[in-house]
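Student: data-v9.txt is the file, holding compact mmCIF, N, CA and C atoms:
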# COMPACT_ATOMS: atom_id res chain seq x y z
N MET J 5 -12.63 -8.67 13.37
CA MET J 5 -12.83 -9.49 12.20
C MET J 5 -11.50 -9.78 11.55
N HIS J 6 -11.40 -10.95 10.98
CA HIS J 6 -10.18 -11.33 10.27
C HIS J 6 -10.54 -11.87 8.90
N PHE J 7 -9.83 -11.38 7.89
CA PHE J 7 -9.99 -11.88 6.53
C PHE J 7 -8.59 -12.21 6.02
N ALA J 8 -8.41 -13.42 5.53
CA ALA J 8 -7.09 -13.85 5.06
C ALA J 8 -6.66 -13.12 3.80
N ASP J 9 -7.60 -12.85 2.90
CA ASP J 9 -7.29 -12.15 1.65
C ASP J 9 -8.58 -11.58 1.08
N ILE J 10 -8.49 -10.96 -0.08
CA ILE J 10 -9.66 -10.26 -0.63
C ILE J 10 -10.82 -11.20 -0.92
N THR J 11 -10.54 -12.47 -1.15
CA THR J 11 -11.64 -13.40 -1.42
C THR J 11 -12.49 -13.66 -0.18
N ASP J 12 -11.96 -13.35 0.99
CA ASP J 12 -12.69 -13.52 2.26
C ASP J 12 -13.48 -12.27 2.67
N VAL J 13 -13.18 -11.14 2.06
CA VAL J 13 -13.79 -9.87 2.48
C VAL J 13 -15.23 -9.81 1.98
N PRO J 14 -16.19 -9.58 2.87
CA PRO J 14 -17.58 -9.47 2.45
C PRO J 14 -17.79 -8.29 1.49
N GLU J 15 -18.68 -8.47 0.54
CA GLU J 15 -18.98 -7.45 -0.47
C GLU J 15 -19.24 -6.08 0.14
N GLU J 16 -19.95 -6.05 1.26
CA GLU J 16 -20.33 -4.75 1.83
C GLU J 16 -19.12 -3.93 2.31
N TYR J 17 -17.94 -4.54 2.46
CA TYR J 17 -16.74 -3.81 2.88
C TYR J 17 -15.90 -3.32 1.71
N ILE J 18 -16.09 -3.89 0.54
CA ILE J 18 -15.22 -3.58 -0.59
C ILE J 18 -15.27 -2.10 -0.97
N ALA J 19 -16.46 -1.51 -1.04
CA ALA J 19 -16.57 -0.10 -1.40
C ALA J 19 -15.85 0.79 -0.39
N GLU J 20 -15.94 0.46 0.89
CA GLU J 20 -15.27 1.26 1.93
C GLU J 20 -13.76 1.13 1.81
N ILE J 21 -13.28 -0.06 1.50
CA ILE J 21 -11.83 -0.26 1.30
C ILE J 21 -11.35 0.60 0.14
N ALA J 22 -12.11 0.61 -0.96
CA ALA J 22 -11.74 1.43 -2.12
C ALA J 22 -11.78 2.92 -1.77
N ARG J 23 -12.77 3.34 -1.00
CA ARG J 23 -12.90 4.75 -0.60
C ARG J 23 -11.69 5.19 0.22
N VAL J 24 -11.29 4.37 1.19
CA VAL J 24 -10.15 4.71 2.04
C VAL J 24 -8.85 4.67 1.24
N THR J 25 -8.74 3.72 0.33
CA THR J 25 -7.56 3.64 -0.54
C THR J 25 -7.43 4.92 -1.37
N LYS J 26 -8.54 5.44 -1.86
CA LYS J 26 -8.53 6.69 -2.63
C LYS J 26 -8.09 7.85 -1.74
N ILE J 27 -8.59 7.92 -0.52
CA ILE J 27 -8.21 8.99 0.41
C ILE J 27 -6.71 8.96 0.67
N VAL J 28 -6.18 7.78 0.98
CA VAL J 28 -4.74 7.64 1.25
C VAL J 28 -3.93 8.02 0.01
N SER J 29 -4.38 7.59 -1.16
CA SER J 29 -3.69 7.92 -2.41
C SER J 29 -3.62 9.43 -2.60
N ASN J 30 -4.74 10.12 -2.41
CA ASN J 30 -4.76 11.58 -2.55
C ASN J 30 -3.88 12.26 -1.52
N MET J 31 -3.82 11.72 -0.30
CA MET J 31 -2.95 12.29 0.73
C MET J 31 -1.49 12.16 0.32
N MET J 32 -1.13 11.02 -0.27
CA MET J 32 0.26 10.82 -0.70
C MET J 32 0.64 11.77 -1.83
N ILE J 33 -0.29 12.00 -2.74
CA ILE J 33 -0.02 12.93 -3.84
C ILE J 33 0.14 14.34 -3.30
N LYS J 34 -0.77 14.77 -2.44
CA LYS J 34 -0.76 16.13 -1.90
C LYS J 34 0.40 16.36 -0.92
N SER J 35 0.58 15.44 0.01
CA SER J 35 1.52 15.66 1.11
C SER J 35 2.94 15.20 0.84
N LEU J 36 3.08 14.12 0.07
CA LEU J 36 4.41 13.55 -0.15
C LEU J 36 4.95 13.84 -1.54
N GLY J 37 4.14 14.49 -2.38
CA GLY J 37 4.60 14.81 -3.72
C GLY J 37 4.61 13.63 -4.67
N ALA J 38 3.85 12.60 -4.37
CA ALA J 38 3.78 11.45 -5.28
C ALA J 38 3.21 11.90 -6.61
N GLU J 39 3.76 11.35 -7.69
CA GLU J 39 3.27 11.66 -9.04
C GLU J 39 2.39 10.54 -9.57
N GLY J 40 2.39 9.43 -8.88
CA GLY J 40 1.57 8.28 -9.23
C GLY J 40 1.42 7.39 -8.01
N ILE J 41 0.57 6.41 -8.11
CA ILE J 41 0.30 5.50 -6.99
C ILE J 41 0.18 4.08 -7.53
N ASN J 42 0.77 3.12 -6.83
CA ASN J 42 0.50 1.71 -7.06
C ASN J 42 -0.33 1.21 -5.90
N VAL J 43 -1.41 0.51 -6.20
CA VAL J 43 -2.23 -0.14 -5.18
C VAL J 43 -2.07 -1.63 -5.41
N MET J 44 -1.63 -2.35 -4.38
CA MET J 44 -1.33 -3.77 -4.55
C MET J 44 -1.92 -4.61 -3.42
N HIS J 45 -2.33 -5.80 -3.79
CA HIS J 45 -2.76 -6.82 -2.84
C HIS J 45 -2.42 -8.17 -3.46
N SER J 46 -1.92 -9.08 -2.66
CA SER J 46 -1.60 -10.42 -3.13
C SER J 46 -2.51 -11.42 -2.44
N THR J 47 -3.05 -12.34 -3.21
CA THR J 47 -3.91 -13.39 -2.66
C THR J 47 -3.26 -14.74 -2.92
N GLY J 48 -2.84 -15.41 -1.86
CA GLY J 48 -2.24 -16.74 -1.96
C GLY J 48 -0.73 -16.71 -2.12
N ARG J 49 -0.10 -17.78 -1.66
CA ARG J 49 1.36 -17.89 -1.74
C ARG J 49 1.91 -17.73 -3.16
N PRO J 50 1.28 -18.36 -4.18
CA PRO J 50 1.81 -18.21 -5.53
C PRO J 50 1.84 -16.76 -6.01
N ALA J 51 0.99 -15.92 -5.45
CA ALA J 51 0.96 -14.50 -5.82
C ALA J 51 1.90 -13.66 -4.95
N GLY J 52 2.58 -14.30 -4.01
CA GLY J 52 3.52 -13.59 -3.16
C GLY J 52 2.98 -13.21 -1.79
N GLN J 53 1.78 -13.67 -1.44
CA GLN J 53 1.23 -13.34 -0.12
C GLN J 53 2.02 -14.08 0.95
N THR J 54 2.53 -13.33 1.92
CA THR J 54 3.28 -13.93 3.02
C THR J 54 2.62 -13.65 4.36
N ILE J 55 1.76 -12.64 4.41
CA ILE J 55 1.01 -12.32 5.62
C ILE J 55 -0.45 -12.62 5.31
N PHE J 56 -1.01 -13.62 5.95
CA PHE J 56 -2.35 -14.07 5.61
C PHE J 56 -3.40 -13.33 6.44
N HIS J 57 -3.39 -12.03 6.21
CA HIS J 57 -4.35 -11.10 6.81
C HIS J 57 -4.58 -10.05 5.73
N PHE J 58 -5.82 -9.84 5.33
CA PHE J 58 -6.09 -8.91 4.23
C PHE J 58 -5.51 -7.54 4.52
N HIS J 59 -4.80 -7.02 3.56
CA HIS J 59 -4.27 -5.66 3.63
C HIS J 59 -3.99 -5.18 2.21
N VAL J 60 -3.93 -3.88 2.05
CA VAL J 60 -3.68 -3.26 0.76
C VAL J 60 -2.43 -2.39 0.90
N HIS J 61 -1.55 -2.49 -0.08
CA HIS J 61 -0.37 -1.63 -0.12
C HIS J 61 -0.68 -0.45 -1.03
N VAL J 62 -0.45 0.75 -0.54
CA VAL J 62 -0.62 1.96 -1.33
C VAL J 62 0.76 2.60 -1.41
N LEU J 63 1.37 2.55 -2.59
CA LEU J 63 2.76 2.96 -2.75
C LEU J 63 2.87 4.25 -3.56
N PRO J 64 3.45 5.29 -2.97
CA PRO J 64 3.66 6.53 -3.73
C PRO J 64 4.76 6.31 -4.76
N ARG J 65 4.58 6.89 -5.95
CA ARG J 65 5.57 6.74 -7.02
C ARG J 65 5.94 8.11 -7.57
N ARG J 66 7.15 8.18 -8.14
CA ARG J 66 7.62 9.40 -8.80
C ARG J 66 8.20 9.02 -10.16
N ASN J 67 8.20 9.97 -11.08
CA ASN J 67 8.81 9.71 -12.38
C ASN J 67 10.25 9.26 -12.19
N GLY J 68 10.62 8.21 -12.90
CA GLY J 68 11.99 7.72 -12.86
C GLY J 68 12.28 6.71 -11.77
N ASP J 69 11.32 6.40 -10.91
CA ASP J 69 11.60 5.44 -9.83
C ASP J 69 11.21 4.01 -10.21
N ASP J 70 10.92 3.77 -11.49
CA ASP J 70 10.42 2.46 -11.88
C ASP J 70 11.51 1.47 -12.26
N ASP J 71 12.76 1.87 -12.26
CA ASP J 71 13.83 0.95 -12.60
C ASP J 71 13.94 -0.14 -11.54
N GLY J 72 13.65 -1.35 -11.93
CA GLY J 72 13.75 -2.47 -10.99
C GLY J 72 12.64 -2.53 -9.98
N PHE J 73 11.48 -1.95 -10.29
CA PHE J 73 10.39 -1.92 -9.31
C PHE J 73 10.03 -3.31 -8.81
N GLN J 74 9.92 -4.27 -9.71
CA GLN J 74 9.57 -5.62 -9.27
C GLN J 74 10.64 -6.19 -8.34
N ARG J 75 11.90 -5.98 -8.64
CA ARG J 75 12.96 -6.46 -7.74
C ARG J 75 12.84 -5.78 -6.38
N TRP J 76 12.59 -4.46 -6.41
CA TRP J 76 12.46 -3.73 -5.15
C TRP J 76 11.29 -4.26 -4.35
N TRP J 77 10.15 -4.42 -5.00
CA TRP J 77 8.95 -4.84 -4.28
C TRP J 77 9.15 -6.17 -3.59
N PHE J 78 9.76 -7.12 -4.30
CA PHE J 78 9.89 -8.46 -3.73
C PHE J 78 11.14 -8.63 -2.87
N SER J 79 12.13 -7.74 -3.01
CA SER J 79 13.36 -7.92 -2.24
C SER J 79 13.22 -7.47 -0.80
N ARG J 80 12.33 -6.51 -0.56
CA ARG J 80 12.16 -5.97 0.79
C ARG J 80 13.50 -5.54 1.39
N SER J 81 14.30 -4.91 0.56
CA SER J 81 15.64 -4.53 0.98
C SER J 81 15.65 -3.41 2.03
N HIS J 82 14.58 -2.67 2.11
CA HIS J 82 14.54 -1.59 3.09
C HIS J 82 13.22 -1.64 3.85
N ARG J 83 13.31 -1.76 5.13
CA ARG J 83 12.13 -1.67 5.98
C ARG J 83 12.21 -0.34 6.72
N ALA J 84 11.17 0.44 6.60
CA ALA J 84 11.15 1.75 7.24
C ALA J 84 11.22 1.60 8.75
N THR J 85 11.91 2.53 9.37
CA THR J 85 11.97 2.56 10.83
C THR J 85 10.68 3.18 11.36
N ARG J 86 10.41 3.01 12.62
CA ARG J 86 9.24 3.63 13.25
C ARG J 86 9.30 5.14 13.07
N GLN J 87 10.49 5.72 13.21
CA GLN J 87 10.66 7.17 13.06
C GLN J 87 10.30 7.61 11.64
N GLU J 88 10.74 6.86 10.63
CA GLU J 88 10.41 7.19 9.24
C GLU J 88 8.90 7.11 9.01
N LEU J 89 8.28 6.06 9.53
CA LEU J 89 6.83 5.90 9.37
C LEU J 89 6.07 7.02 10.06
N ASP J 90 6.49 7.36 11.27
CA ASP J 90 5.84 8.45 12.00
C ASP J 90 5.97 9.78 11.25
N SER J 91 7.15 10.02 10.68
CA SER J 91 7.37 11.25 9.93
C SER J 91 6.47 11.32 8.69
N LEU J 92 6.35 10.21 7.97
CA LEU J 92 5.46 10.18 6.80
C LEU J 92 4.01 10.39 7.21
N ALA J 93 3.59 9.73 8.28
CA ALA J 93 2.21 9.88 8.75
C ALA J 93 1.93 11.33 9.13
N GLU J 94 2.89 11.96 9.79
CA GLU J 94 2.72 13.36 10.20
C GLU J 94 2.55 14.26 8.98
N LYS J 95 3.37 14.04 7.94
CA LYS J 95 3.26 14.83 6.71
C LYS J 95 1.90 14.63 6.06
N MET J 96 1.43 13.40 6.02
CA MET J 96 0.17 13.09 5.35
C MET J 96 -1.03 13.67 6.09
N LEU J 97 -0.93 13.80 7.40
CA LEU J 97 -2.07 14.26 8.20
C LEU J 97 -2.13 15.78 8.34
N ARG J 98 -1.16 16.48 7.79
CA ARG J 98 -1.16 17.96 7.87
C ARG J 98 -2.24 18.54 7.02
Go through the file and emit its structure as structure tokens.

Tutor:
Amino acid sequence: MHFADITDVPEEYIAEIARVTKIVSNMMIKSLGAEGINVMHSTGRPAGQTIFHFHVHVLPRRNGDDDGFQRWWFSRSHRATRQELDSLAEKMLR
């Protein structure tokens, strides 16, 4: 199945998406030491959507990391390597 954005997602899937988002958020708090979480989704180009496939960003946050958050989010100055992603996934699944 393919959904371009949240407006395309059938109602019956929304609760499951929220449930999984909560699970991932709790894993980030427990395993990565996150002190807060941002959950983000963009619908449409004017909102910043560049990948037209529904997805949700779950971002771990810590006190003091909010300086320039909007610049960071939109600049995409750092893309995690496969090794970094694998390491984070391993920590979260412990």

Student: Need to verify the contact set: stretch 23-37 of chain J, 6.5 Å, all atoms listed in the file, exclusion of same-chain residues closer than 3 positions in sequence. Can you return it as a ChimeraX atom specification?

Tutor: /J:18-20,40,64-65,95-96

Student: Point out the residue among J:Phe58, J:His45, J:Ser91, J:Gly52 with the least atom-to-atom distance to J:Asp9, counting all atoms listed in the file.

Tutor: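 When distances to J:Asp9 are compared using all atoms listed in the file, the smallest one comes from J:Phe58.
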
Student: From chain J, collect each residue whose DSSP state is helix (DSSP H, G or I) and return the set as a ChimeraX atom specification.

Tutor: /J:10-12,15-36,49-51,73-79,86-97

Student: Please, could you write that set of residues out with N, CA and C atoms as a short mmCIF file (atom, residue, chain, number, x, y, z; two decimals), in the coordinates of the input?

Tutor:
data_model
loop_
_atom_site.label_atom_id
_atom_site.label_comp_id
_atom_site.auth_asym_id
_atom_site.auth_seq_id
_atom_site.Cartn_x
_atom_site.Cartn_y
_atom_site.Cartn_z
N ILE J 10 -8.49 -10.96 -0.08
CA ILE J 10 -9.66 -10.26 -0.63
C ILE J 10 -10.82 -11.20 -0.92
N THR J 11 -10.54 -12.47 -1.15
CA THR J 11 -11.64 -13.40 -1.42
C THR J 11 -12.49 -13.66 -0.18
N ASP J 12 -11.96 -13.35 0.99
CA ASP J 12 -12.69 -13.52 2.26
C ASP J 12 -13.48 -12.27 2.67
N GLU J 15 -18.68 -8.47 0.54
CA GLU J 15 -18.98 -7.45 -0.47
C GLU J 15 -19.24 -6.08 0.14
N GLU J 16 -19.95 -6.05 1.26
CA GLU J 16 -20.33 -4.75 1.83
C GLU J 16 -19.12 -3.93 2.31
N TYR J 17 -17.94 -4.54 2.46
CA TYR J 17 -16.74 -3.81 2.88
C TYR J 17 -15.90 -3.32 1.71
N ILE J 18 -16.09 -3.89 0.54
CA ILE J 18 -15.22 -3.58 -0.59
C ILE J 18 -15.27 -2.10 -0.97
N ALA J 19 -16.46 -1.51 -1.04
CA ALA J 19 -16.57 -0.10 -1.40
C ALA J 19 -15.85 0.79 -0.39
N GLU J 20 -15.94 0.46 0.89
CA GLU J 20 -15.27 1.26 1.93
C GLU J 20 -13.76 1.13 1.81
N ILE J 21 -13.28 -0.06 1.50
CA ILE J 21 -11.83 -0.26 1.30
C ILE J 21 -11.35 0.60 0.14
N ALA J 22 -12.11 0.61 -0.96
CA ALA J 22 -11.74 1.43 -2.12
C ALA J 22 -11.78 2.92 -1.77
N ARG J 23 -12.77 3.34 -1.00
CA ARG J 23 -12.90 4.75 -0.60
C ARG J 23 -11.69 5.19 0.22
N VAL J 24 -11.29 4.37 1.19
CA VAL J 24 -10.15 4.71 2.04
C VAL J 24 -8.85 4.67 1.24
N THR J 25 -8.74 3.72 0.33
CA THR J 25 -7.56 3.64 -0.54
C THR J 25 -7.43 4.92 -1.37
N LYS J 26 -8.54 5.44 -1.86
CA LYS J 26 -8.53 6.69 -2.63
C LYS J 26 -8.09 7.85 -1.74
N ILE J 27 -8.59 7.92 -0.52
CA ILE J 27 -8.21 8.99 0.41
C ILE J 27 -6.71 8.96 0.67
N VAL J 28 -6.18 7.78 0.98
CA VAL J 28 -4.74 7.64 1.25
C VAL J 28 -3.93 8.02 0.01
N SER J 29 -4.38 7.59 -1.16
CA SER J 29 -3.69 7.92 -2.41
C SER J 29 -3.62 9.43 -2.60
N ASN J 30 -4.74 10.12 -2.41
CA ASN J 30 -4.76 11.58 -2.55
C ASN J 30 -3.88 12.26 -1.52
N MET J 31 -3.82 11.72 -0.30
CA MET J 31 -2.95 12.29 0.73
C MET J 31 -1.49 12.16 0.32
N MET J 32 -1.13 11.02 -0.27
CA MET J 32 0.26 10.82 -0.70
C MET J 32 0.64 11.77 -1.83
N ILE J 33 -0.29 12.00 -2.74
CA ILE J 33 -0.02 12.93 -3.84
C ILE J 33 0.14 14.34 -3.30
N LYS J 34 -0.77 14.77 -2.44
CA LYS J 34 -0.76 16.13 -1.90
C LYS J 34 0.40 16.36 -0.92
N SER J 35 0.58 15.44 0.01
CA SER J 35 1.52 15.66 1.11
C SER J 35 2.94 15.20 0.84
N LEU J 36 3.08 14.12 0.07
CA LEU J 36 4.41 13.55 -0.15
C LEU J 36 4.95 13.84 -1.54
N ARG J 49 -0.10 -17.78 -1.66
CA ARG J 49 1.36 -17.89 -1.74
C ARG J 49 1.91 -17.73 -3.16
N PRO J 50 1.28 -18.36 -4.18
CA PRO J 50 1.81 -18.21 -5.53
C PRO J 50 1.84 -16.76 -6.01
N ALA J 51 0.99 -15.92 -5.45
CA ALA J 51 0.96 -14.50 -5.82
C ALA J 51 1.90 -13.66 -4.95
N PHE J 73 11.48 -1.95 -10.29
CA PHE J 73 10.39 -1.92 -9.31
C PHE J 73 10.03 -3.31 -8.81
N GLN J 74 9.92 -4.27 -9.71
CA GLN J 74 9.57 -5.62 -9.27
C GLN J 74 10.64 -6.19 -8.34
N ARG J 75 11.90 -5.98 -8.64
CA ARG J 75 12.96 -6.46 -7.74
C ARG J 75 12.84 -5.78 -6.38
N TRP J 76 12.59 -4.46 -6.41
CA TRP J 76 12.46 -3.73 -5.15
C TRP J 76 11.29 -4.26 -4.35
N TRP J 77 10.15 -4.42 -5.00
CA TRP J 77 8.95 -4.84 -4.28
C TRP J 77 9.15 -6.17 -3.59
N PHE J 78 9.76 -7.12 -4.30
CA PHE J 78 9.89 -8.46 -3.73
C PHE J 78 11.14 -8.63 -2.87
N SER J 79 12.13 -7.74 -3.01
CA SER J 79 13.36 -7.92 -2.24
C SER J 79 13.22 -7.47 -0.80
N ARG J 86 10.41 3.01 12.62
CA ARG J 86 9.24 3.63 13.25
C ARG J 86 9.30 5.14 13.07
N GLN J 87 10.49 5.72 13.21
CA GLN J 87 10.66 7.17 13.06
C GLN J 87 10.30 7.61 11.64
N GLU J 88 10.74 6.86 10.63
CA GLU J 88 10.41 7.19 9.24
C GLU J 88 8.90 7.11 9.01
N LEU J 89 8.28 6.06 9.53
CA LEU J 89 6.83 5.90 9.37
C LEU J 89 6.07 7.02 10.06
N ASP J 90 6.49 7.36 11.27
CA ASP J 90 5.84 8.45 12.00
C ASP J 90 5.97 9.78 11.25
N SER J 91 7.15 10.02 10.68
CA SER J 91 7.37 11.25 9.93
C SER J 91 6.47 11.32 8.69
N LEU J 92 6.35 10.21 7.97
CA LEU J 92 5.46 10.18 6.80
C LEU J 92 4.01 10.39 7.21
N ALA J 93 3.59 9.73 8.28
CA ALA J 93 2.21 9.88 8.75
C ALA J 93 1.93 11.33 9.13
N GLU J 94 2.89 11.96 9.79
CA GLU J 94 2.72 13.36 10.20
C GLU J 94 2.55 14.26 8.98
N LYS J 95 3.37 14.04 7.94
CA LYS J 95 3.26 14.83 6.71
C LYS J 95 1.90 14.63 6.06
N MET J 96 1.43 13.40 6.02
CA MET J 96 0.17 13.09 5.35
C MET J 96 -1.03 13.67 6.09
N LEU J 97 -0.93 13.80 7.40
CA LEU J 97 -2.07 14.26 8.20
C LEU J 97 -2.13 15.78 8.34
#

Student: What does the distance between atom CA of J:Met44 and atom CA of J:Ala8 come to in Å, to one decimal place?

Tutor: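 Between atom CA of J:Met44 and atom CA of J:Ala8 the gap works out to 15.1 Å.
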
Student: Please compute the atom C of J:Ile55-atom CA of J:Asn42 distance, one decimal, in Å.

Tutor: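 We find that atom C of J:Ile55 and atom CA of J:Asn42 lie 19.0 Å from each other.
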